[in-house]
Each structure stands twice: as C-alpha cells, then as structure tokens.
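The next block is upload-v7.tsv, given as TSV, C-alpha atoms.
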```tsv
chain	number	residue	atom	x	y	z
S	1	MET	CA	213.62	42.18	-22.09
S	2	ASP	CA	214.70	45.80	-22.59
S	3	ILE	CA	212.76	46.17	-25.85
S	4	LEU	CA	209.53	44.93	-24.22
S	5	LEU	CA	209.91	47.46	-21.42
S	6	ILE	CA	210.66	50.27	-23.88
S	7	ILE	CA	207.53	49.37	-25.88
S	8	TYR	CA	205.50	49.38	-22.65
S	9	LEU	CA	206.79	52.86	-21.84
S	10	LEU	CA	206.08	54.24	-25.31
S	11	VAL	CA	202.46	53.01	-25.35
S	12	GLN	CA	201.68	54.86	-22.11
S	13	PRO	CA	200.07	57.87	-23.89
S	14	LEU	CA	197.76	55.50	-25.81
S	15	LEU	CA	196.77	53.75	-22.58
S	16	ASP	CA	196.08	57.12	-20.95
S	17	ILE	CA	193.68	58.22	-23.70
S	18	SER	CA	191.97	54.82	-23.95
S	19	TYR	CA	189.45	55.86	-21.27
S	20	THR	CA	188.20	58.77	-23.36
S	21	LEU	CA	188.23	56.68	-26.56
S	22	ASN	CA	186.20	53.98	-24.78
S	23	ILE	CA	188.54	51.21	-25.88
S	24	PHE	CA	187.28	48.25	-23.88
S	25	ASN	CA	189.47	47.59	-20.81
S	26	ILE	CA	192.73	47.82	-22.79
S	27	ASN	CA	194.32	49.96	-20.09
S	28	SER	CA	193.49	47.52	-17.26
S	29	ILE	CA	194.45	44.47	-19.35
S	30	ILE	CA	197.89	45.79	-20.36
S	31	ARG	CA	198.80	47.27	-16.98
S	32	GLY	CA	197.43	44.20	-15.20
S	33	SER	CA	199.53	41.97	-17.47
S	34	PHE	CA	202.56	44.09	-16.63
S	35	ILE	CA	202.04	43.26	-12.94
S	36	LEU	CA	202.23	39.54	-13.84
S	37	PHE	CA	205.37	40.24	-15.89
S	38	ILE	CA	206.89	41.99	-12.85
S	39	PHE	CA	206.37	39.03	-10.52
S	40	ILE	CA	207.74	36.58	-13.09
S	41	TYR	CA	210.84	38.77	-13.40
S	42	LEU	CA	211.26	39.15	-9.61
S	43	ILE	CA	210.94	35.39	-9.04
S	44	ARG	CA	213.51	34.73	-11.79
S	45	LYS	CA	215.78	37.22	-9.99
S	46	LYS	CA	215.21	35.18	-6.79
S	47	LYS	CA	213.40	38.01	-5.01
S	48	TYR	CA	211.19	35.43	-3.31
S	49	LYS	CA	210.54	37.20	-0.01
S	50	GLU	CA	209.56	40.54	-1.55
S	51	SER	CA	207.39	38.88	-4.20
S	52	LEU	CA	205.64	36.64	-1.68
S	53	ILE	CA	204.84	39.50	0.71
S	54	THR	CA	203.38	41.60	-2.11
S	55	ILE	CA	201.36	38.74	-3.63
S	56	ILE	CA	199.94	37.65	-0.26
S	57	SER	CA	198.97	41.25	0.59
S	58	MET	CA	197.23	41.64	-2.76
S	59	PHE	CA	195.48	38.29	-2.37
S	60	ILE	CA	194.14	39.33	1.06
S	61	TYR	CA	192.63	42.51	-0.45
S	62	ILE	CA	191.10	40.51	-3.30
S	63	LEU	CA	189.47	38.09	-0.84
S	64	VAL	CA	188.15	40.93	1.33
S	65	TYR	CA	186.71	42.73	-1.69
S	66	LEU	CA	185.07	39.59	-3.11
S	67	PHE	CA	183.66	37.96	0.04
S	68	ILE	CA	183.17	40.79	2.54
S	69	TYR	CA	182.53	43.86	0.39
S	70	LYS	CA	180.80	41.72	-2.27
S	71	TYR	CA	182.39	43.61	-5.17
S	72	ASN	CA	182.25	42.12	-8.66
S	73	ILE	CA	185.41	40.77	-10.29
S	74	SER	CA	186.02	43.90	-12.36
S	75	ASP	CA	185.88	46.30	-9.38
S	76	THR	CA	187.94	43.93	-7.24
S	77	LEU	CA	190.77	43.66	-9.76
S	78	SER	CA	190.69	47.37	-10.60
S	79	LEU	CA	190.92	48.49	-6.95
S	80	SER	CA	193.60	45.90	-6.14
S	81	LEU	CA	195.67	46.90	-9.18
S	82	ARG	CA	195.59	50.57	-8.20
S	83	LEU	CA	196.83	49.81	-4.69
S	84	PHE	CA	199.57	47.30	-5.56
S	85	TYR	CA	200.84	48.80	-8.81
S	86	LEU	CA	203.21	51.21	-7.03
S	87	PRO	CA	204.71	48.59	-4.65
S	88	SER	CA	205.21	46.21	-7.59
S	89	ILE	CA	206.74	48.94	-9.76
S	90	LEU	CA	209.14	50.04	-7.01
S	91	LEU	CA	210.31	46.45	-6.42
S	92	PHE	CA	210.71	45.83	-10.14
S	93	PHE	CA	212.72	48.92	-11.03
S	94	TYR	CA	214.87	48.61	-7.91
S	95	SER	CA	215.80	45.09	-9.09
S	96	TYR	CA	215.87	45.65	-12.86
S	97	ASP	CA	219.38	45.31	-14.31
S	98	GLY	CA	218.57	45.96	-17.97
S	99	LYS	CA	219.45	49.11	-19.85
S	100	ILE	CA	216.95	51.75	-20.93
S	101	ASN	CA	218.50	54.64	-22.83
S	102	ARG	CA	217.21	57.95	-21.47
S	103	LYS	CA	216.56	59.17	-25.02
S	104	TYR	CA	213.31	57.14	-24.88
S	105	PHE	CA	212.01	59.50	-22.20
S	106	VAL	CA	212.48	62.37	-24.65
S	107	TYR	CA	210.54	60.37	-27.25
S	108	LEU	CA	207.81	59.68	-24.68
S	109	LEU	CA	207.54	63.37	-23.77
S	110	SER	CA	207.31	64.15	-27.50
S	111	LEU	CA	204.43	61.67	-27.91
S	112	TYR	CA	202.45	63.24	-25.07
S	113	LEU	CA	203.01	66.74	-26.45
S	114	ILE	CA	202.14	65.74	-30.03
S	115	ILE	CA	198.88	64.07	-28.96
S	116	TYR	CA	197.90	67.02	-26.80
S	117	PHE	CA	198.61	69.74	-29.37
S	118	ILE	CA	196.91	67.79	-32.18
S	119	CYS	CA	193.83	67.64	-29.94
S	120	LEU	CA	194.14	71.36	-29.14
S	121	ILE	CA	194.59	72.49	-32.75
S	122	PHE	CA	191.74	70.38	-34.13
S	123	GLY	CA	189.46	70.69	-31.10
S	124	ILE	CA	189.48	66.94	-30.40
S	125	GLY	CA	188.49	65.96	-26.87
S	126	ASN	CA	187.07	67.80	-23.89
S	127	GLU	CA	187.36	70.93	-21.85
S	128	ILE	CA	188.49	70.44	-18.25
S	129	TYR	CA	185.53	72.21	-16.70
S	130	GLU	CA	181.84	71.67	-17.35
S	131	SER	CA	179.85	74.20	-19.38
S	132	GLY	CA	178.49	76.99	-17.24
S	133	ILE	CA	181.64	77.15	-15.10
S	134	LYS	CA	183.67	80.27	-15.91
S	135	LYS	CA	187.01	78.53	-15.44
S	136	GLU	CA	188.89	77.58	-18.62
S	137	GLY	CA	191.19	74.74	-19.61
S	138	PHE	CA	191.50	72.06	-22.28
S	139	LYS	CA	192.50	68.43	-21.67
S	140	GLY	CA	191.97	66.89	-25.09
S	141	LEU	CA	191.66	63.12	-25.01
S	142	PHE	CA	193.38	62.70	-21.63
S	143	ASN	CA	191.00	61.49	-18.95
S	144	SER	CA	192.71	62.94	-15.87
S	145	ILE	CA	194.37	66.32	-16.25
S	146	ASN	CA	196.14	65.92	-12.89
S	147	GLU	CA	197.74	62.67	-14.04
S	148	PHE	CA	198.69	64.19	-17.41
S	149	SER	CA	200.23	67.23	-15.67
S	150	ALA	CA	202.34	65.10	-13.30
S	151	ILE	CA	203.55	62.90	-16.17
S	152	VAL	CA	204.60	65.89	-18.30
S	153	ILE	CA	206.43	67.45	-15.35
S	154	MET	CA	208.35	64.22	-14.70
S	155	LEU	CA	209.22	63.68	-18.35
S	156	LEU	CA	210.28	67.29	-18.79
S	157	GLY	CA	212.70	67.01	-15.86
S	158	ILE	CA	214.19	63.70	-17.05
S	159	SER	CA	214.43	64.95	-20.65
S	160	ILE	CA	216.16	68.23	-19.77
S	161	ASN	CA	218.59	66.38	-17.51
S	162	TYR	CA	219.47	64.03	-20.38
S	163	LEU	CA	219.67	66.71	-23.09
S	164	GLN	CA	221.76	68.96	-20.85
S	165	GLU	CA	224.29	66.17	-20.28
S	166	LYS	CA	224.40	65.62	-24.05
S	167	LYS	CA	224.94	69.38	-24.49
S	168	LYS	CA	221.83	69.67	-26.67
S	169	TYR	CA	220.90	73.05	-25.22
S	170	ILE	CA	218.72	74.14	-28.15
S	171	LEU	CA	216.48	71.09	-27.62
S	172	CYS	CA	216.36	71.91	-23.89
S	173	ILE	CA	215.02	75.37	-24.73
S	174	ILE	CA	212.56	74.07	-27.34
S	175	TYR	CA	211.02	71.45	-25.04
S	176	SER	CA	210.93	73.92	-22.16
S	177	LEU	CA	209.07	76.50	-24.25
S	178	ILE	CA	206.59	73.94	-25.61
S	179	VAL	CA	205.77	72.66	-22.11
S	180	ALA	CA	205.54	76.24	-20.83
S	181	ILE	CA	202.96	76.98	-23.56
S	182	LEU	CA	201.11	73.77	-22.69
S	183	SER	CA	201.01	74.75	-19.01
S	184	MET	CA	199.30	78.01	-19.94
S	185	THR	CA	196.57	76.26	-21.93
S	186	LEU	CA	195.73	73.58	-19.35
S	187	GLY	CA	194.54	76.00	-16.70
S	188	THR	CA	195.72	73.94	-13.70
S	189	LYS	CA	198.09	75.08	-10.99
S	190	VAL	CA	200.13	71.88	-10.65
S	191	ILE	CA	201.73	71.92	-14.10
S	192	LEU	CA	202.47	75.65	-14.07
S	193	GLY	CA	204.04	75.36	-10.61
S	194	GLY	CA	205.93	72.19	-11.56
S	195	VAL	CA	207.36	73.73	-14.72
S	196	ILE	CA	208.56	76.80	-12.77
S	197	ILE	CA	210.20	74.59	-10.10
S	198	ILE	CA	212.00	72.50	-12.75
S	199	PHE	CA	213.23	75.63	-14.56
S	200	LEU	CA	214.59	77.05	-11.29
S	201	TYR	CA	216.31	73.75	-10.47
S	202	PHE	CA	218.20	73.59	-13.76
S	203	LEU	CA	218.99	77.30	-13.88
S	204	TYR	CA	220.19	77.63	-10.27
S	205	LYS	CA	223.64	76.00	-10.48
S	206	PRO	CA	224.83	77.56	-13.79
S	207	PHE	CA	223.52	80.96	-12.64
S	208	LYS	CA	225.23	80.61	-9.25
S	209	ASP	CA	228.57	79.65	-10.86
S	210	TYR	CA	228.32	82.50	-13.36
S	211	PHE	CA	227.37	85.05	-10.69
S	212	ILE	CA	230.22	84.11	-8.32
S	213	LYS	CA	232.84	84.38	-11.10
S	214	SER	CA	231.54	87.72	-12.42
S	215	ASP	CA	232.99	91.14	-11.65
S	216	LEU	CA	231.01	93.81	-9.75
S	217	LYS	CA	229.56	95.54	-12.85
S	218	THR	CA	228.36	92.23	-14.28
S	219	LYS	CA	226.79	91.32	-10.94
S	220	ILE	CA	224.89	94.62	-10.77
S	221	PHE	CA	223.70	94.19	-14.37
S	222	THR	CA	222.66	90.59	-13.62
S	223	ILE	CA	220.61	91.68	-10.58
S	224	LEU	CA	218.88	94.39	-12.60
S	225	LEU	CA	218.17	91.90	-15.37
S	226	LEU	CA	216.68	89.48	-12.83
S	227	ILE	CA	214.37	92.23	-11.54
S	228	VAL	CA	213.19	92.95	-15.09
S	229	ILE	CA	212.67	89.22	-15.79
S	230	THR	CA	210.71	88.88	-12.53
S	231	PHE	CA	208.37	91.73	-13.54
S	232	ILE	CA	207.88	90.30	-17.03
S	233	SER	CA	207.28	86.81	-15.61
S	234	SER	CA	204.73	88.20	-13.16
S	235	PHE	CA	202.89	89.88	-16.03
S	236	ILE	CA	202.90	86.65	-18.09
S	237	ILE	CA	201.70	84.51	-15.17
S	238	THR	CA	198.85	86.88	-14.33
S	239	ASN	CA	197.63	86.51	-17.90
S	240	THR	CA	197.66	82.71	-17.93
S	241	THR	CA	194.53	80.59	-17.82
S	242	THR	CA	195.72	79.19	-14.48
S	243	TYR	CA	195.82	82.61	-12.82
S	244	LYS	CA	192.48	83.66	-14.30
S	245	ASN	CA	190.92	80.42	-13.01
S	246	ALA	CA	192.28	81.16	-9.53
S	247	VAL	CA	190.65	84.61	-9.66
S	248	VAL	CA	187.33	83.02	-10.69
S	249	GLN	CA	187.61	80.55	-7.82
S	250	LYS	CA	188.44	83.29	-5.35
S	251	LYS	CA	185.32	85.23	-6.36
S	252	PHE	CA	183.16	82.09	-6.29
S	253	PHE	CA	184.17	81.21	-2.71
S	254	LYS	CA	184.17	84.91	-1.71
S	255	VAL	CA	187.67	84.73	-0.24
S	256	ASN	CA	189.05	88.18	0.53
S	257	ASN	CA	192.22	87.50	2.53
S	258	THR	CA	194.86	86.01	0.24
S	259	LEU	CA	197.11	85.08	3.18
S	260	SER	CA	194.41	83.17	5.06
S	261	LEU	CA	194.08	79.39	5.52
S	262	ASN	CA	190.66	79.72	3.90
S	263	TYR	CA	192.34	81.04	0.73
S	264	VAL	CA	194.82	78.13	0.75
S	265	ASN	CA	191.97	75.62	1.05
S	266	LYS	CA	189.44	77.19	-1.32
S	267	VAL	CA	191.74	78.59	-4.04
S	268	ILE	CA	195.05	76.70	-3.87
S	269	PHE	CA	193.64	73.29	-2.88
S	270	ASN	CA	190.25	73.68	-4.59
S	271	ASN	CA	188.36	73.19	-1.31
S	272	ARG	CA	189.84	69.71	-0.84
S	273	PHE	CA	190.11	69.95	2.95
S	274	SER	CA	186.33	70.25	3.13
S	275	PHE	CA	186.18	66.81	1.48
S	276	VAL	CA	188.56	65.48	4.14
S	277	LYS	CA	186.07	66.44	6.84
S	278	LYS	CA	183.15	64.75	5.03
S	279	ASN	CA	185.17	61.59	4.34
S	280	HIS	CA	186.34	61.39	7.93
S	281	ILE	CA	182.78	61.50	9.24
S	282	ILE	CA	181.94	58.51	7.01
S	283	TYR	CA	185.14	56.73	8.05
S	284	SER	CA	184.56	57.35	11.77
S	285	ASN	CA	181.07	55.84	11.55
S	286	SER	CA	182.24	52.78	9.61
S	287	ASN	CA	182.94	49.29	11.01
S	288	ILE	CA	186.36	47.83	11.81
S	289	ILE	CA	186.71	46.14	8.40
S	290	ASN	CA	186.13	49.50	6.64
S	291	LYS	CA	188.67	51.13	8.93
S	292	LEU	CA	191.28	48.49	8.08
S	293	PHE	CA	190.59	47.98	4.35
S	294	GLY	CA	188.84	51.19	3.30
S	295	ILE	CA	185.36	52.69	2.96
S	296	ASP	CA	182.94	50.72	0.78
S	297	LYS	CA	183.20	52.10	-2.79
S	298	TYR	CA	179.43	52.14	-3.17
S	299	ILE	CA	179.04	54.71	-0.38
S	300	ASN	CA	178.41	58.09	-1.93
S	301	ARG	CA	181.49	60.22	-1.18
S	302	LYS	CA	183.91	62.49	-3.02
S	303	THR	CA	187.61	61.72	-3.34
S	304	VAL	CA	189.91	64.29	-1.72
S	305	GLU	CA	192.56	64.28	-4.48
S	306	ILE	CA	195.31	64.39	-1.87
S	307	ASP	CA	196.88	60.95	-2.05
S	308	LEU	CA	197.57	60.24	1.62
S	309	PHE	CA	193.93	60.99	2.46
S	310	ASP	CA	192.59	59.05	-0.52
S	311	LEU	CA	194.81	56.10	0.36
S	312	PHE	CA	193.58	56.17	3.94
S	313	TYR	CA	189.87	56.42	3.12
S	314	THR	CA	189.89	54.16	0.04
S	315	TYR	CA	192.23	51.41	1.29
S	316	GLY	CA	192.13	51.90	5.04
S	317	ILE	CA	194.91	51.82	7.61
S	318	ILE	CA	196.47	48.69	6.06
S	319	GLY	CA	196.59	50.14	2.53
S	320	LEU	CA	198.21	53.37	3.73
S	321	ILE	CA	200.84	51.45	5.71
S	322	ILE	CA	201.63	49.21	2.71
S	323	ILE	CA	202.29	52.15	0.38
S	324	LEU	CA	204.36	54.08	2.94
S	325	ILE	CA	206.52	51.02	3.76
S	326	TYR	CA	207.38	50.41	0.11
S	327	ILE	CA	208.14	54.10	-0.61
S	328	ILE	CA	210.33	54.50	2.48
S	329	TYR	CA	212.06	51.10	2.15
S	330	ILE	CA	212.87	51.28	-1.57
S	331	GLY	CA	213.67	55.00	-1.40
S	332	TYR	CA	216.10	54.40	1.47
S	333	LYS	CA	217.72	51.36	-0.15
S	334	SER	CA	218.22	53.26	-3.42
S	335	LYS	CA	220.13	56.10	-1.75
S	336	LEU	CA	218.59	58.68	-4.08
S	337	LYS	CA	220.95	61.53	-5.01
S	338	ASN	CA	221.01	64.89	-6.77
S	339	PHE	CA	218.51	65.24	-9.62
S	340	TYR	CA	216.76	61.93	-8.90
S	341	LEU	CA	216.21	62.80	-5.24
S	342	PHE	CA	214.77	66.14	-6.37
S	343	MET	CA	212.40	64.50	-8.88
S	344	PHE	CA	211.31	61.82	-6.38
S	345	ILE	CA	210.47	64.46	-3.77
S	346	LEU	CA	208.75	66.64	-6.39
S	347	LEU	CA	206.47	63.78	-7.45
S	348	LEU	CA	205.62	63.02	-3.81
S	349	LEU	CA	204.79	66.71	-3.29
S	350	ILE	CA	202.52	66.63	-6.34
S	351	SER	CA	200.76	63.61	-4.81
S	352	GLU	CA	199.86	65.79	-1.81
S	353	THR	CA	198.72	68.83	-3.79
S	354	SER	CA	196.73	67.44	-6.71
S	355	GLY	CA	196.76	63.69	-5.99
S	356	HIS	CA	196.59	61.00	-8.69
S	357	VAL	CA	200.15	59.77	-8.11
S	358	LEU	CA	200.50	57.02	-5.50
S	359	ILE	CA	197.41	55.06	-6.56
S	360	SER	CA	197.48	56.00	-10.22
S	361	PRO	CA	199.33	53.41	-12.35
S	362	ALA	CA	199.88	56.00	-15.11
S	363	VAL	CA	201.89	58.25	-12.77
S	364	SER	CA	203.29	55.93	-10.08
S	365	LEU	CA	205.27	54.27	-12.89
S	366	TYR	CA	207.61	57.30	-12.79
S	367	LEU	CA	208.48	56.83	-9.12
S	368	GLY	CA	209.83	53.43	-10.13
S	369	LEU	CA	211.65	54.83	-13.15
S	370	ILE	CA	213.35	57.47	-11.00
S	371	ILE	CA	214.58	54.66	-8.72
S	372	TYR	CA	215.90	52.78	-11.77
S	373	LEU	CA	217.69	55.78	-13.28
S	374	ASN	CA	219.26	56.69	-9.94
S	375	ASN	CA	220.52	53.13	-9.39
S	376	LYS	CA	222.00	52.95	-12.88
S	377	GLU	CA	223.93	56.17	-12.36
S	378	PHE	CA	225.07	55.87	-8.74
S	379	GLN	CA	225.20	52.15	-7.88
```

Is it possible to give me this structure as structure tokens?
Amino acid sequence: MDILLIIYLLVQPLLDISYTLNIFNINSIIRGSFILFIFIYLIRKKKYKESLITIISMFIYILVYLFIYKYNISDTLSLSLRLFYLPSILLFFYSYDGKINRKYFVYLLSLYLIIYFICLIFGIGNEIYESGIKKEGFKGLFNSINEFSAIVIMLLGISINYLQEKKKYILCIIYSLIVAILSMTLGTKVILGGVIIIFLYFLYKPFKDYFIKSDLKTKIFTILLLIVITFISSFIITNTTTYKNAVVQKKFFKVNNTLSLNYVNKVIFNNRFSFVKKNHIIYSNSNIINKLFGIDKYINRKTVEIDLFDLFYTYGIIGLIIILIYIIYIGYKSKLKNFYLFMFILLLLISETSGHVLISPAVSLYLGLIIYLNNKEFQ
C-alpha cells in the first residue's frame, strides 16, 4: 500500500505538466482512479458513514450536472472530481495508517525543481504572460503557475523541516537558495512571499534563542547586522521580476496611492475583486438551482482566483458548505500542532490570495498530507 502511494506522489510533476504536453486525459484518469482507491481503502477501514456521505454528495452533483445542467460526461466528471477531491483526500490521509518517509517529499521537491530548471535553461515551455504585456515570468511546462508556486512552497517547508531534524543544514541552505532563485524567475507574488514567510518561520526560533543568550555587545552587533541584511534584502527584492511586474501593473492601472484599497485590489490581488462584482451580478440573477449548485459553466464569466469566491460561484452554496465542513471537521479532529498547523494555515492563506488550492487536485493533495504528517508525529 505504501509503495503505491509513494509512486502516486512522485508522479505528481508528470501529471501537472500533462496538460501542456497534451497527453490525453492522463491527469484526470489517474487522479480519478485515486478517488476510487480512496473509497476502497476507507470502506476496508470501516469508515462507512464518512464514505457514504461523500459518495452520496458526489452522486447528487453528478445527477444535477447530467440532467439539469445538461453537461456532457467529461465536464460532469471533471467538475465533480475538482469539488470532491479535497474532501476525499482529507478523509483518506486522516485515516491512513501506513508509513511514508518524509525523505520522499525532498525527492518530490527535487523533481519539480529539476523539471522547471531544465525548461528554463533550454527554453522549453511558455512564458506566464502573453506577448505584448510588459510583465515577465516563465512557467515552463507547468500549466498553472499559481498551483506550481503553492506546491513548491509546501514542499520546501516540509523538506526543510525534515532536513533540519536530520541535521542536514547544508542541504537546507542549498534547497532554500534554489527555490529563492526560482521565485525570482517566476515573476509571481505568491511564491516570493511564501518563500520569505517560510524562511522567517525556520529562522525565528534559533535566532530568538541565540539573541536571548548573547551578551550586550553581541546583541548590538546582531541588530546592526539585521539592519544591513534588511537593506540588502530590500535591494534584491526590488530587482526581482516579481517587483518589476508589480510596478508595471501599478502604472497600467494608474494607481498612485500605495496604501489605498485600490492598490491592494489592482496590484496585490491583480484586480480580482472586480471579478467578484461581475460574478455576483450573474449569480444574483441566476435561478435557485444555480444558487445551490453553482453558475452554469457555459455562461461567459471569469474566475476570481480566490478560492472561497470560486467555490461559491462555481459550486454554489452547497459546494462551499461541503468544503468548509470537511476542512473544519478534519482540521479540528487532527489537532494540528506546531509546524503542521503553520503549513496548513499558510496553504489556506494562499488559497485566498492566488487561489488554485481548495478545488485544485494538484495542490489540495498537500492539505491531506499535512494532516497525515501531523497525525503520525503527534497522535
């Protein structure tokens, strides 16, 4: 059982690039098959009530899509999979009693980095932004840069936590530097911000312990050194692709006041709140079925890329409630602690800044894995 799960984890990068490579439905087939594997496992573990509730809920959505929305089989299964992948994953990893060595997460991070940098060096794949747009960024063969960024952030955190416990500090530094370089080439805010947050998390405790034990001269020197590092870091950040893209966006939207809500919406959130307004007008004018199960996918609208909004408009009131119940219930039952609580919250925050987490099978997998790792360590 463990080896099958490890193989599934290690093929994730290949599944993620299968969209760009146009490999026929391999991503949906494998991830869909994994859902079946999950329910077989849960039933064998006698998790009848949880399995039945999830299966019935999914079946209701499938019936609504097929007979009321009149979607074809492919769209029906794809939309249903995206909604119920996270609930299924959370149930599975909360119940899973096998053993997955955390070294495989380091291997997985290595695979993602190798694929990306091969693409970057040889110019394989695509730029993030269309030609004619002055913003820069390279995504290689990965279809969604927001998903790729969230995955790298999660894997970096889990890998550093593991390597630090194994006292492999040189590897911690090497992986941190490689991901820092990657974050500067992508040109998106989420990965640069996520990398900085993870660095601060792992540096805070050892720095605090060192600072408290130091004498006065050492403390003064340390403060001065921090000031110098802050200035150098500010210079580096202002020369990254991410910062330059933010400047381009600020000029494009003609935002002058950096501290304004308009700046937050147009520059930080890429004008996403404007999409909320447009989606809500469509939602308000829709019928009761659309309000309960989501706006018809064939209606011309733009996704918000903030997961709570996209859940609400795509899957309706019922879909939003389903996801929130599973996150709150499994999160509470798991009694998340320390690093795993931090990573779980960080991934939820990413879902509300760049989206592509809660209804993205590629990323929501890591919410389940965080539950699993926490349970193995603390229960």

Discussion item. What's around S:Glu127 at 6 Å? Count all atoms listed in the file, leave out sequence neighbours fewer than 4 positions away in its own chain, and write the answer as number ranges by chain.
Written reply: S: 137-139

Tell me, counting all atoms listed in the file, for each residue of stretch 196-220 of chain S within 12 Å of stretch 167-179 of chain S, which pair of atoms is nearest and how far apart they are in Å to one decimal, in rows ordered by chain and increasing number, as JSON lines.
```
{"residue": "S:Ile196", "atom": "CA", "partner": "S:Ser176", "partner_atom": "CA", "distance": 10.1}
{"residue": "S:Ile198", "atom": "CA", "partner": "S:Ser176", "partner_atom": "CA", "distance": 9.6}
{"residue": "S:Phe199", "atom": "CA", "partner": "S:Ser176", "partner_atom": "CA", "distance": 8.1}
{"residue": "S:Leu200", "atom": "CA", "partner": "S:Ser176", "partner_atom": "CA", "distance": 11.9}
{"residue": "S:Phe202", "atom": "CA", "partner": "S:Cys172", "partner_atom": "CA", "distance": 10.4}
{"residue": "S:Leu203", "atom": "CA", "partner": "S:Cys172", "partner_atom": "CA", "distance": 11.7}
```

May I have a table of the residues of stretch 44-68 of chain S lying at most 9 Å from stretch 91-97 of chain S, giving each one's closest pair of atoms and their distance in Å to one decimal, counting only C-alpha atoms, ordered by chain and ascending residue number, as a tab-separated table?
```
residue	atom	partner	partner_atom	distance
S:Lys45	CA	S:Ser95	CA	7.9
S:Lys47	CA	S:Ser95	CA	8.5
S:Glu50	CA	S:Leu91	CA	7.7
S:Ser51	CA	S:Leu91	CA	8.4
```

Export of the given selection (C-alpha atoms) as a PDB file, in the coordinates of the input:
```
ATOM      1  CA  LYS S  45     215.780  37.220  -9.990  1.00  0.00           C
ATOM      2  CA  LYS S  47     213.400  38.010  -5.010  1.00  0.00           C
ATOM      3  CA  GLU S  50     209.560  40.540  -1.550  1.00  0.00           C
ATOM      4  CA  SER S  51     207.390  38.880  -4.200  1.00  0.00           C
TER       5      SER S  51
END
```

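Atom pair atom CA of S:Tyr313 / atom CA of S:Ile299: separated by 11.5 Å.
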
Item to complete: Tell me which of S:Tyr329, S:Phe39, S:Tyr107, S:Tyr85 sits closest to S:Leu10, counting only C-alpha atoms.
Response: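 The answer is S:Tyr107, which sits nearest to S:Leu10.
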
Discussion item. Let me make sure I understand: among S:Leu21, S:Ile268, S:Leu311, S:Val106, which one has the smallest atom-to-atom distance to S:Leu9 if we use only C-alpha atoms?
Written reply: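 The shortest atom-to-atom distance to S:Leu9 comes from S:Val106.
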
Fill in: stretch 24-38 of chain S environment, 8 Å, all atoms listed in the file, sequence neighbours closer than 2 positions dropped, as a PyMOL selection string
chain S and resi 15-16+18-19+22+40-42+78+81+85+88-89+92+361

Would you kindly return, as a compact mmCIF listing (two decimals) with C-alpha atoms, in the coordinates of the input, each protein, DNA or RNA residue with an atom no farther than 10 Å from any atom of stretch 364-377 of chain S, considering only C-alpha atoms and excluding same-chain residues fewer than 2 positions away?
```txt
# COMPACT_ATOMS: atom_id res chain seq x y z
CA LEU S 9 206.79 52.86 -21.84
CA GLN S 12 201.68 54.86 -22.11
CA ARG S 82 195.59 50.57 -8.20
CA TYR S 85 200.84 48.80 -8.81
CA LEU S 86 203.21 51.21 -7.03
CA PRO S 87 204.71 48.59 -4.65
CA SER S 88 205.21 46.21 -7.59
CA ILE S 89 206.74 48.94 -9.76
CA LEU S 90 209.14 50.04 -7.01
CA LEU S 91 210.31 46.45 -6.42
CA PHE S 92 210.71 45.83 -10.14
CA PHE S 93 212.72 48.92 -11.03
CA TYR S 94 214.87 48.61 -7.91
CA SER S 95 215.80 45.09 -9.09
CA TYR S 96 215.87 45.65 -12.86
CA ASP S 97 219.38 45.31 -14.31
CA GLY S 98 218.57 45.96 -17.97
CA LYS S 99 219.45 49.11 -19.85
CA ILE S 100 216.95 51.75 -20.93
CA ASN S 101 218.50 54.64 -22.83
CA ARG S 102 217.21 57.95 -21.47
CA GLU S 147 197.74 62.67 -14.04
CA ALA S 150 202.34 65.10 -13.30
CA ILE S 151 203.55 62.90 -16.17
CA MET S 154 208.35 64.22 -14.70
CA LEU S 155 209.22 63.68 -18.35
CA ILE S 158 214.19 63.70 -17.05
CA ILE S 327 208.14 54.10 -0.61
CA ILE S 330 212.87 51.28 -1.57
CA GLY S 331 213.67 55.00 -1.40
CA LYS S 333 217.72 51.36 -0.15
CA SER S 334 218.22 53.26 -3.42
CA LYS S 335 220.13 56.10 -1.75
CA LEU S 336 218.59 58.68 -4.08
CA LYS S 337 220.95 61.53 -5.01
CA ASN S 338 221.01 64.89 -6.77
CA PHE S 339 218.51 65.24 -9.62
CA TYR S 340 216.76 61.93 -8.90
CA LEU S 341 216.21 62.80 -5.24
CA PHE S 342 214.77 66.14 -6.37
CA MET S 343 212.40 64.50 -8.88
CA PHE S 344 211.31 61.82 -6.38
CA ILE S 345 210.47 64.46 -3.77
CA LEU S 347 206.47 63.78 -7.45
CA LEU S 348 205.62 63.02 -3.81
CA SER S 351 200.76 63.61 -4.81
CA HIS S 356 196.59 61.00 -8.69
CA VAL S 357 200.15 59.77 -8.11
CA LEU S 358 200.50 57.02 -5.50
CA ILE S 359 197.41 55.06 -6.56
CA SER S 360 197.48 56.00 -10.22
CA PRO S 361 199.33 53.41 -12.35
CA ALA S 362 199.88 56.00 -15.11
CA GLN S 379 225.20 52.15 -7.88
```

Practice prompt. To one decimal in Å, tell me the separation between atom CA of S:Ile53 and atom CA of S:Lys291.
Written response: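 Atom-to-atom, atom CA of S:Ile53 to atom CA of S:Lys291, that is 21.5 Å.
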
Worksheet item: For the point (222.1, 84.2, -11.6) in file coordinates, what residues are within 10 Å, counting all atoms listed in the file? Give the answer as number ranges by chain?
Response: S: 203-212, 219, 222-223, 225-226

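The residue that comes closest to S:Phe273, out of S:Leu83, S:Val304, S:Val247, S:Ile288 and on the basis of all atoms listed in the file, is S:Val304.
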
Worksheet item: Near S:Ser183, counting all atoms listed in the file, which residues have an atom at most 12 Å away, once you skip same-chain residues fewer than 2 positions from it, shown as JSON, numbers by chain?
Response: {"S": [113, 116, 117, 137, 138, 139, 145, 146, 148, 149, 150, 152, 153, 156, 176, 177, 178, 179, 180, 181, 185, 186, 187, 188, 189, 190, 191, 192, 193, 194, 195, 196, 237, 240, 241, 242, 243]}

Discussion item. Report, in Å with one decimal, the straight-line distance from atom CA of S:Asp310 to atom CA of S:His280.
Written reply: 10.8 Å

Worksheet item: S:Thr20: which residues within 7 Å, counting only C-alpha atoms, same-chain residues fewer than 4 positions away excluded, as a list of chain:residue names?
Response: S:Leu141, S:Phe142, S:Asn143

Which protein, DNA or RNA residues have an atom at most 7 Å from (187.4, 54.8, 6.2), counting only C-alpha atoms? List them as a PDB file with C-alpha atoms, in the frame of the given file.
```pdb
ATOM      1  CA  HIS S 280     186.340  61.390   7.930  1.00  0.00           C
ATOM      2  CA  ILE S 282     181.940  58.510   7.010  1.00  0.00           C
ATOM      3  CA  TYR S 283     185.140  56.730   8.050  1.00  0.00           C
ATOM      4  CA  SER S 284     184.560  57.350  11.770  1.00  0.00           C
ATOM      5  CA  SER S 286     182.240  52.780   9.610  1.00  0.00           C
ATOM      6  CA  ASN S 290     186.130  49.500   6.640  1.00  0.00           C
ATOM      7  CA  LYS S 291     188.670  51.130   8.930  1.00  0.00           C
ATOM      8  CA  GLY S 294     188.840  51.190   3.300  1.00  0.00           C
ATOM      9  CA  ILE S 295     185.360  52.690   2.960  1.00  0.00           C
ATOM     10  CA  PHE S 312     193.580  56.170   3.940  1.00  0.00           C
ATOM     11  CA  TYR S 313     189.870  56.420   3.120  1.00  0.00           C
ATOM     12  CA  THR S 314     189.890  54.160   0.040  1.00  0.00           C
ATOM     13  CA  GLY S 316     192.130  51.900   5.040  1.00  0.00           C
TER      14      GLY S 316
END
```
